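Okay, my_file_9.pdb is below, PDB, C-alpha atoms:
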```
ATOM      1  CA  MET A 141      36.366 -16.593  17.022
ATOM      2  CA  ALA A 142      33.459 -18.875  16.143
ATOM      3  CA  SER A 143      34.254 -22.500  15.427
ATOM      4  CA  LEU A 144      34.310 -23.926  11.905
ATOM      5  CA  ARG A 145      31.086 -25.785  12.605
ATOM      6  CA  ASP A 146      29.306 -22.596  13.698
ATOM      7  CA  ILE A 147      30.475 -20.692  10.633
ATOM      8  CA  LYS A 148      29.460 -23.553   8.334
ATOM      9  CA  SER A 149      26.039 -23.730   9.979
ATOM     10  CA  ARG A 150      25.516 -20.002   9.530
ATOM     11  CA  ILE A 151      26.509 -20.190   5.856
ATOM     12  CA  THR A 152      23.981 -22.999   5.303
ATOM     13  CA  SER A 153      21.140 -21.149   7.032
ATOM     14  CA  THR A 154      21.907 -17.928   5.124
ATOM     15  CA  LYS A 155      21.861 -19.822   1.817
ATOM     16  CA  LYS A 156      18.423 -21.238   2.660
ATOM     17  CA  THR A 157      17.170 -17.760   3.545
ATOM     18  CA  SER A 158      18.550 -16.468   0.257
ATOM     19  CA  GLN A 159      16.648 -19.144  -1.649
ATOM     20  CA  ILE A 160      13.407 -18.120   0.074
ATOM     21  CA  THR A 161      13.856 -14.400  -0.616
ATOM     22  CA  LYS A 162      14.761 -15.126  -4.241
ATOM     23  CA  ALA A 163      11.588 -17.177  -4.668
ATOM     24  CA  MET A 164       9.514 -14.418  -3.062
ATOM     25  CA  GLU A 165      11.083 -11.880  -5.400
ATOM     26  CA  MET A 166      10.108 -13.937  -8.451
ATOM     27  CA  VAL A 167       6.551 -14.427  -7.162
ATOM     28  CA  SER A 168       6.152 -10.694  -6.511
ATOM     29  CA  ALA A 169       7.481  -9.907  -9.993
ATOM     30  CA  ALA A 170       4.808 -12.130 -11.550
ATOM     31  CA  LYS A 171       2.077 -10.621  -9.373
ATOM     32  CA  LEU A 172       3.300  -7.104 -10.169
ATOM     33  CA  ASN A 173       2.773  -7.660 -13.876
ATOM     34  CA  ARG A 174      -0.861  -8.696 -13.340
ATOM     35  CA  ALA A 175      -1.556  -5.946 -10.803
ATOM     36  CA  GLU A 176      -0.110  -3.275 -13.076
ATOM     37  CA  ASN A 177      -2.255  -4.492 -15.970
ATOM     38  CA  ASN A 178      -5.368  -4.426 -13.755
ATOM     39  CA  ALA A 179      -4.651  -0.860 -12.659
ATOM     40  CA  LYS A 180      -4.100   0.294 -16.241
ATOM     41  CA  ALA A 181      -7.227  -1.496 -17.481
ATOM     42  CA  PHE A 182      -9.341   0.386 -14.926
ATOM     43  CA  GLY A 183      -8.034   3.740 -16.177
ATOM     44  CA  PRO A 184     -10.374   4.238 -19.194
ATOM     45  CA  TYR A 185     -13.473   3.588 -17.069
ATOM     46  CA  MET A 186     -12.343   6.138 -14.476
ATOM     47  CA  GLU A 187     -11.635   8.733 -17.154
ATOM     48  CA  LYS A 188     -15.067   8.295 -18.728
ATOM     49  CA  ILE A 189     -17.071   8.393 -15.499
ATOM     50  CA  GLN A 190     -15.066  11.431 -14.374
ATOM     51  CA  GLU A 191     -15.805  13.133 -17.686
ATOM     52  CA  VAL A 192     -19.548  12.525 -17.331
ATOM     53  CA  VAL A 193     -19.659  13.647 -13.692
ATOM     54  CA  ALA A 194     -17.624  16.765 -14.476
ATOM     55  CA  SER A 195     -19.909  17.611 -17.385
ATOM     56  CA  ILE A 196     -22.968  17.468 -15.149
ATOM     57  CA  ALA A 197     -21.452  19.114 -12.072
ATOM     58  CA  ASN A 198     -19.604  21.902 -13.862
ATOM     59  CA  GLY A 199     -21.779  22.278 -16.933
ATOM     60  CA  SER A 200     -24.858  23.459 -15.070
ATOM     61  CA  THR A 201     -25.100  26.042 -12.303
ATOM     62  CA  ASP A 202     -28.485  24.898 -10.971
ATOM     63  CA  VAL A 203     -27.422  21.316 -10.232
ATOM     64  CA  SER A 204     -26.623  20.487  -6.613
ATOM     65  CA  HIS A 205     -25.930  17.365  -4.582
ATOM     66  CA  PRO A 206     -24.819  16.848  -0.948
ATOM     67  CA  MET A 207     -21.651  15.065  -2.088
ATOM     68  CA  LEU A 208     -20.619  18.161  -4.040
ATOM     69  CA  GLU A 209     -21.150  20.690  -1.264
ATOM     70  CA  SER A 210     -18.647  21.532   1.454
ATOM     71  CA  ARG A 211     -19.958  21.914   5.008
ATOM     72  CA  PRO A 212     -18.477  22.899   8.372
ATOM     73  CA  VAL A 213     -16.025  20.221   9.426
ATOM     74  CA  LYS A 214     -16.770  18.729  12.830
ATOM     75  CA  LYS A 215     -15.299  15.295  12.177
ATOM     76  CA  THR A 216     -12.878  13.986   9.543
ATOM     77  CA  GLY A 217     -12.660  10.499   8.085
ATOM     78  CA  TYR A 218      -9.447   8.843   6.933
ATOM     79  CA  LEU A 219      -9.542   5.881   4.558
ATOM     80  CA  VAL A 220      -6.130   4.191   4.696
ATOM     81  CA  ILE A 221      -5.037   1.444   2.296
ATOM     82  CA  THR A 222      -2.231  -0.869   3.449
ATOM     83  CA  SER A 223      -1.344  -4.543   2.959
ATOM     84  CA  ASP A 224      -2.204  -7.617   4.999
ATOM     85  CA  ARG A 225       1.425  -8.793   5.150
ATOM     86  CA  GLY A 226       4.810  -7.278   5.812
ATOM     87  CA  LEU A 227       8.162  -7.921   4.120
ATOM     88  CA  ALA A 228       7.467  -5.067   1.696
ATOM     89  CA  GLY A 229      10.104  -2.550   2.708
ATOM     90  CA  ALA A 230       8.701   0.885   3.548
ATOM     91  CA  PHE A 231       5.393   0.257   1.753
ATOM     92  CA  ASN A 232       3.233   0.229   4.891
ATOM     93  CA  SER A 233       5.346   2.397   7.194
ATOM     94  CA  SER A 234       5.464   5.292   4.702
ATOM     95  CA  VAL A 235       1.708   5.629   4.287
ATOM     96  CA  LEU A 236       1.010   5.045   7.994
ATOM     97  CA  ARG A 237       3.584   7.682   8.954
ATOM     98  CA  ALA A 238       1.951  10.185   6.584
ATOM     99  CA  VAL A 239      -1.524   9.535   7.996
ATOM    100  CA  TYR A 240      -0.346   9.673  11.591
ATOM    101  CA  GLN A 241       1.501  12.962  11.075
ATOM    102  CA  SER A 242      -1.526  14.505   9.346
ATOM    103  CA  ILE A 243      -3.779  13.455  12.211
ATOM    104  CA  GLN A 244      -1.385  14.919  14.779
ATOM    105  CA  LYS A 245      -1.346  18.260  12.928
ATOM    106  CA  ARG A 246      -5.070  18.551  12.271
ATOM    107  CA  HIS A 247      -6.653  17.153  15.425
ATOM    108  CA  LYS A 248      -6.275  17.611  19.152
ATOM    109  CA  SER A 249      -8.313  14.595  20.272
ATOM    110  CA  ASN A 250      -9.454  11.217  18.965
ATOM    111  CA  ASP A 251     -13.055  12.448  18.922
ATOM    112  CA  GLU A 252     -12.340  14.663  15.923
ATOM    113  CA  PHE A 253     -11.629  11.866  13.418
ATOM    114  CA  VAL A 254     -12.406   8.268  12.477
ATOM    115  CA  ILE A 255     -10.422   5.631  10.577
ATOM    116  CA  ILE A 256     -11.527   3.308   7.778
ATOM    117  CA  ALA A 257      -8.787   0.688   7.409
ATOM    118  CA  ILE A 258      -8.238  -1.477   4.343
ATOM    119  CA  GLY A 259      -5.490  -3.959   5.187
ATOM    120  CA  LYS A 260      -4.370  -5.716   8.353
ATOM    121  CA  MET A 261      -1.195  -3.663   8.852
ATOM    122  CA  GLY A 262      -3.089  -0.369   8.985
ATOM    123  CA  ARG A 263      -5.856  -1.765  11.171
ATOM    124  CA  ASP A 264      -3.406  -3.099  13.749
ATOM    125  CA  PHE A 265      -1.379   0.138  13.688
ATOM    126  CA  PHE A 266      -4.338   2.365  14.563
ATOM    127  CA  LYS A 267      -5.961   0.001  17.059
ATOM    128  CA  LYS A 268      -2.677  -0.340  18.932
ATOM    129  CA  ARG A 269      -2.668   3.452  19.378
ATOM    130  CA  GLY A 270      -6.270   3.586  20.546
ATOM    131  CA  MET A 271      -7.629   5.363  17.472
ATOM    132  CA  ASN A 272     -11.248   4.947  16.445
ATOM    133  CA  VAL A 273     -11.391   2.405  13.587
ATOM    134  CA  ILE A 274     -15.069   2.405  12.579
ATOM    135  CA  SER A 275     -14.739   0.098   9.571
ATOM    136  CA  GLU A 276     -12.162  -2.397   8.403
ATOM    137  CA  ILE A 277     -11.549  -5.062   5.788
ATOM    138  CA  THR A 278      -8.703  -7.568   5.545
ATOM    139  CA  GLY A 279      -7.826 -10.603   3.456
ATOM    140  CA  ILE A 280      -8.715  -9.015   0.121
ATOM    141  CA  GLY A 281      -6.117 -11.035  -1.776
ATOM    142  CA  ASP A 282      -3.997 -10.255  -4.800
ATOM    143  CA  GLU A 283      -6.755 -10.578  -7.406
ATOM    144  CA  THR A 284      -8.897  -7.704  -6.184
ATOM    145  CA  SER A 285     -12.478  -7.487  -7.403
ATOM    146  CA  PHE A 286     -14.883  -4.624  -6.877
ATOM    147  CA  ALA A 287     -17.310  -6.992  -5.137
ATOM    148  CA  SER A 288     -14.733  -7.646  -2.406
ATOM    149  CA  ILE A 289     -14.592  -3.971  -1.381
ATOM    150  CA  LYS A 290     -18.122  -2.924  -2.408
ATOM    151  CA  ASP A 291     -19.437  -2.921   1.162
ATOM    152  CA  ILE A 292     -16.669  -0.814   2.689
ATOM    153  CA  ALA A 293     -16.624   1.586  -0.287
ATOM    154  CA  SER A 294     -20.383   2.143  -0.266
ATOM    155  CA  GLY A 295     -20.273   2.331   3.527
ATOM    156  CA  ALA A 296     -17.665   5.094   3.417
ATOM    157  CA  VAL A 297     -19.844   7.093   1.028
ATOM    158  CA  SER A 298     -23.014   6.447   3.052
ATOM    159  CA  MET A 299     -21.385   7.585   6.310
ATOM    160  CA  PHE A 300     -20.494  10.893   4.668
ATOM    161  CA  ALA A 301     -24.067  11.309   3.453
ATOM    162  CA  ASP A 302     -25.391  10.437   6.937
ATOM    163  CA  GLY A 303     -23.124  13.003   8.586
ATOM    164  CA  SER A 304     -20.847  10.559  10.416
ATOM    165  CA  TYR A 305     -18.012  12.767   9.156
ATOM    166  CA  ASP A 306     -17.890  15.950   7.111
ATOM    167  CA  GLU A 307     -14.898  15.193   4.909
ATOM    168  CA  LEU A 308     -13.034  12.063   3.871
ATOM    169  CA  TYR A 309      -9.350  11.770   2.987
ATOM    170  CA  MET A 310      -7.831   8.727   1.319
ATOM    171  CA  TYR A 311      -4.197   7.644   1.765
ATOM    172  CA  TYR A 312      -2.475   5.030  -0.373
ATOM    173  CA  ASN A 313       0.721   4.283  -2.302
ATOM    174  CA  HIS A 314       0.562   5.434  -5.915
ATOM    175  CA  PHE A 315       2.410   3.173  -8.356
ATOM    176  CA  VAL A 316       4.915   5.098 -10.468
ATOM    177  CA  SER A 317       7.368   2.356 -11.415
ATOM    178  CA  ALA A 318       8.821  -0.853 -10.056
ATOM    179  CA  ILE A 319      11.281   1.164  -7.962
ATOM    180  CA  GLN A 320       9.107   4.172  -7.066
ATOM    181  CA  GLN A 321       5.851   4.301  -5.125
ATOM    182  CA  ASP A 322       4.615   7.666  -3.887
ATOM    183  CA  VAL A 323       2.459   8.146  -0.787
ATOM    184  CA  THR A 324      -0.662   9.959  -1.981
ATOM    185  CA  GLU A 325      -3.268  11.950  -0.074
ATOM    186  CA  LYS A 326      -6.552  12.538  -1.905
ATOM    187  CA  LYS A 327      -9.599  14.372  -0.616
ATOM    188  CA  LEU A 328     -12.326  11.941  -1.548
ATOM    189  CA  LEU A 329     -15.394  13.702  -0.142
ATOM    190  CA  PRO A 330     -16.874  16.183  -0.712
ATOM    191  CA  LEU A 331     -16.275  16.025  -4.474
ATOM    192  CA  SER A 332     -15.443  19.707  -4.740
ATOM    193  CA  ASP A 333     -12.688  19.576  -7.355
ATOM    194  CA  ILE A 334     -14.089  17.376 -10.128
ATOM    195  CA  SER A 335     -12.487  18.166 -13.457
ATOM    196  CA  SER A 336     -11.919  16.346 -16.718
ATOM    197  CA  SER A 337      -8.738  16.490 -18.772
ATOM    198  CA  LYS A 338     -10.804  16.180 -21.969
ATOM    199  CA  GLY A 339     -12.956  19.204 -21.289
ATOM    200  CA  LEU A 340     -16.715  19.401 -20.897
ATOM    201  CA  THR A 341     -18.910  17.383 -23.262
ATOM    202  CA  SER A 342     -22.528  18.148 -23.995
ATOM    203  CA  TYR A 343     -24.880  15.349 -22.894
ATOM    204  CA  GLU A 344     -28.630  14.918 -22.949
ATOM    205  CA  PHE A 345     -29.907  13.394 -19.713
ATOM    206  CA  GLU A 346     -33.036  11.409 -19.068
ATOM    207  CA  PRO A 347     -34.917  11.872 -16.801
ATOM    208  CA  ASN A 348     -32.871  14.818 -15.449
ATOM    209  CA  GLN A 349     -29.418  15.780 -14.202
ATOM    210  CA  GLU A 350     -30.296  15.615 -10.496
ATOM    211  CA  GLU A 351     -31.463  12.011 -10.684
ATOM    212  CA  ILE A 352     -28.435  11.029 -12.753
ATOM    213  CA  LEU A 353     -26.127  12.570 -10.148
ATOM    214  CA  GLU A 354     -28.000  10.784  -7.370
ATOM    215  CA  VAL A 355     -26.900   7.452  -8.858
ATOM    216  CA  LEU A 356     -23.629   8.415 -10.504
ATOM    217  CA  LEU A 357     -21.859  10.312  -7.718
ATOM    218  CA  PRO A 358     -21.810   7.422  -5.203
ATOM    219  CA  GLN A 359     -20.579   5.109  -7.964
ATOM    220  CA  TYR A 360     -17.879   7.624  -8.856
ATOM    221  CA  ALA A 361     -16.665   7.902  -5.245
ATOM    222  CA  GLU A 362     -16.672   4.102  -4.885
ATOM    223  CA  SER A 363     -14.712   3.816  -8.133
ATOM    224  CA  LEU A 364     -12.088   6.209  -6.781
ATOM    225  CA  ILE A 365     -11.612   3.903  -3.788
ATOM    226  CA  TYR A 366     -11.399   0.812  -5.999
ATOM    227  CA  GLY A 367      -8.941   2.496  -8.370
ATOM    228  CA  ALA A 368      -6.741   3.508  -5.431
ATOM    229  CA  LEU A 369      -6.826  -0.079  -4.161
ATOM    230  CA  LEU A 370      -5.690  -1.424  -7.540
ATOM    231  CA  ASP A 371      -2.951   1.204  -7.592
ATOM    232  CA  SER A 372      -1.913   0.226  -4.061
ATOM    233  CA  LYS A 373      -1.778  -3.481  -4.952
ATOM    234  CA  ALA A 374       0.642  -2.780  -7.792
ATOM    235  CA  SER A 375       2.750  -0.667  -5.434
ATOM    236  CA  GLU A 376       2.726  -3.425  -2.808
ATOM    237  CA  HIS A 377       4.053  -6.071  -5.189
ATOM    238  CA  ALA A 378       6.684  -3.681  -6.537
ATOM    239  CA  ALA A 379       7.824  -2.785  -3.019
ATOM    240  CA  ARG A 380       7.951  -6.444  -1.956
ATOM    241  CA  MET A 381       9.884  -7.403  -5.097
ATOM    242  CA  THR A 382      12.448  -4.683  -4.409
ATOM    243  CA  ALA A 383      12.684  -5.586  -0.712
ATOM    244  CA  MET A 384      13.234  -9.276  -1.472
ATOM    245  CA  LYS A 385      15.849  -8.449  -4.113
ATOM    246  CA  ASN A 386      17.740  -6.336  -1.584
ATOM    247  CA  ALA A 387      17.442  -9.131   0.982
ATOM    248  CA  THR A 388      18.816 -11.659  -1.525
ATOM    249  CA  ASP A 389      21.739  -9.388  -2.406
ATOM    250  CA  ASN A 390      22.514  -8.811   1.267
ATOM    251  CA  ALA A 391      22.403 -12.555   1.907
ATOM    252  CA  LYS A 392      24.878 -13.167  -0.909
ATOM    253  CA  GLU A 393      27.258 -10.565   0.520
ATOM    254  CA  LEU A 394      26.950 -12.169   3.949
ATOM    255  CA  ILE A 395      27.627 -15.622   2.500
ATOM    256  CA  ASN A 396      30.738 -14.349   0.717
ATOM    257  CA  GLY A 397      32.031 -12.784   3.925
ATOM    258  CA  LEU A 398      31.304 -15.915   5.975
ATOM    259  CA  THR A 399      32.929 -18.124   3.326
ATOM    260  CA  LEU A 400      36.064 -16.015   3.471
ATOM    261  CA  THR A 401      36.082 -16.231   7.268
ATOM    262  CA  TYR A 402      35.526 -19.984   7.091
ATOM    263  CA  ASN A 403      38.424 -20.494   4.667
ATOM    264  CA  ARG A 404      40.740 -18.391   6.800
ATOM    265  CA  ALA A 405      39.775 -20.284   9.947
ATOM    266  CA  ARG A 406      40.256 -23.639   8.213
ATOM    267  CA  GLN A 407      43.624 -22.569   6.832
ATOM    268  CA  ALA A 408      44.666 -21.418  10.290
ATOM    269  CA  ALA A 409      43.618 -24.787  11.740
ATOM    270  CA  ILE A 410      45.580 -26.669   9.072
ATOM    271  CA  THR A 411      48.611 -24.498   9.665
ATOM    272  CA  GLN A 412      48.346 -25.092  13.399
ATOM    273  CA  GLU A 413      48.191 -28.865  12.880
ATOM    274  CA  ILE A 414      51.226 -28.822  10.571
ATOM    275  CA  THR A 415      53.130 -26.730  13.088
ATOM    276  CA  GLU A 416      52.294 -29.163  15.857
ATOM    277  CA  ILE A 417      53.365 -32.180  13.745
ATOM    278  CA  VAL A 418      56.649 -30.534  12.762
ATOM    279  CA  GLY A 419      57.264 -29.495  16.345
ATOM    280  CA  GLY A 420      56.580 -33.028  17.605
ATOM    281  CA  ALA A 421      58.865 -34.588  14.991
ATOM    282  CA  ALA A 422      61.628 -32.164  15.899
ATOM    283  CA  ALA A 423      61.256 -33.033  19.606
ATOM    284  CA  LEU A 424      61.764 -36.761  18.871
ATOM    285  CA  GLU A 425      65.084 -36.214  17.084
TER     286      GLU A 425
END
```
Write out the structure in this file as structure tokens.
Amino acid sequence: MASLRDIKSRITSTKKTSQITKAMEMVSAAKLNRAENNAKAFGPYMEKIQEVVASIANGSTDVSHPMLESRPVKKTGYLVITSDRGLAGAFNSSVLRAVYQSIQKRHKSNDEFVIIAIGKMGRDFFKKRGMNVISEITGIGDETSFASIKDIASGAVSMFADGSYDELYMYYNHFVSAIQQDVTEKKLLPLSDISSSKGLTSYEFEPNQEEILEVLLPQYAESLIYGALLDSKASEHAARMTAMKNATDNAKELINGLTLTYNRARQAAITQEITEIVGGAAALE
């Protein structure tokens, strides 16, 4: 059995760990509130731009654009959104597992796909396995702005237009609630399934629909990436808050068990001392 000093030292260190995890839980809860508001605030813009794009793409049969047309798939791109830090439960491992399993099913060699990594955890995961990471961005921060991911978003769209890959899938954690985040796979390019929940609206375009699509479609694809990133940030803070709460609860249970062990060991030591004193007194009589 461990000594009283060892048990006491372990109780003290566990209490300090519990204080840290509790503080991290409170910080993540505050960040979650802001991240959730940012994701919701971006929703109306996405709905409107999707409505306009759907009206042009589906409202006219003679309108075409390379981003709307499917082509033979020779190479696939995967845009994966993870976090820069751990301690978030299964937040990163779930999305990375889903991407890795999809790659194993669809491809026989690393030459058939490329990776675009947003987040340090995803970048390190794929590089460690020798996969081709052609673009990466880390250190975005909690207050995500479109300017911070503009280059990688526009680059992902440009590489599709240039033929670097023939389709692009996006993987991220979709925020459902503080206790539920769902791994989501979305086919980002080509934009073959654009639809609007509000139905088609009649617009008058100047100068013409083709030129409007030339500008609007890249912006729409970039907005999908930015919206997924905002969604992922909310999921990250929710996952970290839950993970830190579980860690705090586990620490409290461990402290209670160690305290009980400590009290029993101390009582046993006291009883042993009393027994020795009584035995010594009896020997002197």
So that I can see what lies close to Ala169 in chain A, please list as a PyMOL selection string the residues with an atom at most 8 Å from it, counting all atoms listed in the file and leaving out residues fewer than 5 positions away in the same chain. chain A and resi 377-378+381
Kindly provide the residues of range 311-406 of chain A that approach range 216-238 of chain A to within 6 Å, each paired with its closest atom pair and their distance in Å to one decimal, based on only C-alpha atoms, listed by chain and increasing number, as a Markdown table.
```
| residue | atom | partner | partner_atom | distance |
| --- | --- | --- | --- | --- |
| A:Tyr311 | CA | A:Val220 | CA | 4.9 |
| A:Tyr312 | CA | A:Ile221 | CA | 5.2 |
| A:Val323 | CA | A:Val235 | CA | 5.7 |
| A:Ala379 | CA | A:Ala228 | CA | 5.3 |
| A:Arg380 | CA | A:Ala228 | CA | 3.9 |
| A:Ala383 | CA | A:Gly229 | CA | 5.3 |
```
How many Å separate CA of His314 in chain A from CA of Pro184 in chain A? 17.2 Å
Which residue is closest to Ile395 in chain A? Choose from A:Met299, A:Ala423, A:Ile151, A:Ala142 and count all atoms listed in the file. A:Ile151
Which residue out of A:Leu394, A:Lys385, A:Ser210, A:Gly259 has the minimum interatomic distance to Lys327 in chain A when only C-alpha atoms are used? A:Ser210
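Residue nearest Lys156 in chain A within the list A:Ala391, A:Val355, A:Ala422, A:Ile410: A:Ala391 [criterion: smallest interatomic distance, all atoms listed in the file].
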Min atom-atom distance to Ala175 in chain A from the set A:Lys148, A:Arg246, A:Lys373, A:Lys267, counting only C-alpha atoms, belongs to A:Lys373
From the list A:Phe286, A:Phe266, A:Phe253, A:Ile319, which residue is nearest Glu307 in chain A when using only C-alpha atoms?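 Nearest to Glu307 in chain A: A:Phe253.
With CA of Thr401 in chain A on one side and CA of Lys155 in chain A on the other, the separation reads 15.6 Å.
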Report the distance between CA of Ser195 in chain A and CA of Ala361 in chain A in Å, rounded to one decimal place. 15.9 Å
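Residue nearest Ala163 in chain A, chosen from A:Ile243, A:Val254, A:Gly295, A:Ala387 and counting all atoms listed in the file: A:Ala387.
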Care to translate the PyMOL selection byres ((chain A and resi 293) around 10) into actual residues of this file, as a count of residues only? 22
Would you kindly translate the PyMOL selection byres ((chain A and resi 306) around 10) into the concrete residues it picks from this file, as a ChimeraX atom specification? /A:207,210-217,253,299-305,307-308,329-330
Provide range 291-308 of chain A rebuilt to N, CA and C atoms, formatted as an mmCIF file, in the frame of the given file.
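Done, and the output landed in rebuild_21.cif:
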```cif
data_model
loop_
_atom_site.group_PDB
_atom_site.id
_atom_site.type_symbol
_atom_site.label_atom_id
_atom_site.label_comp_id
_atom_site.auth_asym_id
_atom_site.auth_seq_id
_atom_site.Cartn_x
_atom_site.Cartn_y
_atom_site.Cartn_z
ATOM 1 N N ASP A 291 -18.779 -3.293 -0.092
ATOM 2 C CA ASP A 291 -19.437 -2.921 1.162
ATOM 3 C C ASP A 291 -18.731 -1.774 1.862
ATOM 4 N N ILE A 292 -17.391 -1.861 1.963
ATOM 5 C CA ILE A 292 -16.669 -0.814 2.689
ATOM 6 C C ILE A 292 -16.638 0.482 1.888
ATOM 7 N N ALA A 293 -16.622 0.382 0.542
ATOM 8 C CA ALA A 293 -16.624 1.586 -0.287
ATOM 9 C C ALA A 293 -17.969 2.295 -0.207
ATOM 10 N N SER A 294 -19.052 1.531 -0.361
ATOM 11 C CA SER A 294 -20.383 2.143 -0.266
ATOM 12 C C SER A 294 -20.655 2.627 1.155
ATOM 13 N N GLY A 295 -20.110 1.895 2.151
ATOM 14 C CA GLY A 295 -20.273 2.331 3.527
ATOM 15 C C GLY A 295 -19.579 3.650 3.799
ATOM 16 N N ALA A 296 -18.392 3.836 3.229
ATOM 17 C CA ALA A 296 -17.665 5.094 3.417
ATOM 18 C C ALA A 296 -18.432 6.265 2.827
ATOM 19 N N VAL A 297 -19.050 6.041 1.659
ATOM 20 C CA VAL A 297 -19.844 7.093 1.028
ATOM 21 C C VAL A 297 -21.122 7.359 1.822
ATOM 22 N N SER A 298 -21.761 6.295 2.297
ATOM 23 C CA SER A 298 -23.014 6.447 3.052
ATOM 24 C C SER A 298 -22.790 7.191 4.366
ATOM 25 N N MET A 299 -21.662 6.912 5.038
ATOM 26 C CA MET A 299 -21.385 7.585 6.310
ATOM 27 C C MET A 299 -21.164 9.079 6.119
ATOM 28 N N PHE A 300 -20.617 9.465 4.956
ATOM 29 C CA PHE A 300 -20.494 10.893 4.668
ATOM 30 C C PHE A 300 -21.871 11.504 4.458
ATOM 31 N N ALA A 301 -22.717 10.798 3.703
ATOM 32 C CA ALA A 301 -24.067 11.309 3.453
ATOM 33 C C ALA A 301 -24.882 11.378 4.737
ATOM 34 N N ASP A 302 -24.651 10.457 5.672
ATOM 35 C CA ASP A 302 -25.391 10.437 6.937
ATOM 36 C C ASP A 302 -24.852 11.435 7.951
ATOM 37 N N GLY A 303 -23.694 12.032 7.668
ATOM 38 C CA GLY A 303 -23.124 13.003 8.586
ATOM 39 C C GLY A 303 -22.218 12.418 9.639
ATOM 40 N N SER A 304 -21.781 11.158 9.460
ATOM 41 C CA SER A 304 -20.847 10.559 10.416
ATOM 42 C C SER A 304 -19.520 11.309 10.408
ATOM 43 N N TYR A 305 -19.143 11.847 9.278
ATOM 44 C CA TYR A 305 -18.012 12.767 9.156
ATOM 45 C C TYR A 305 -18.316 13.741 8.033
ATOM 46 N N ASP A 306 -17.591 14.856 8.034
ATOM 47 C CA ASP A 306 -17.890 15.950 7.111
ATOM 48 C C ASP A 306 -16.907 16.047 5.960
ATOM 49 N N GLU A 307 -15.846 15.281 6.013
ATOM 50 C CA GLU A 307 -14.898 15.193 4.909
ATOM 51 C C GLU A 307 -14.166 13.860 5.030
ATOM 52 N N LEU A 308 -13.698 13.369 3.887
ATOM 53 C CA LEU A 308 -13.034 12.063 3.871
ATOM 54 C C LEU A 308 -11.759 12.160 3.040
#
```
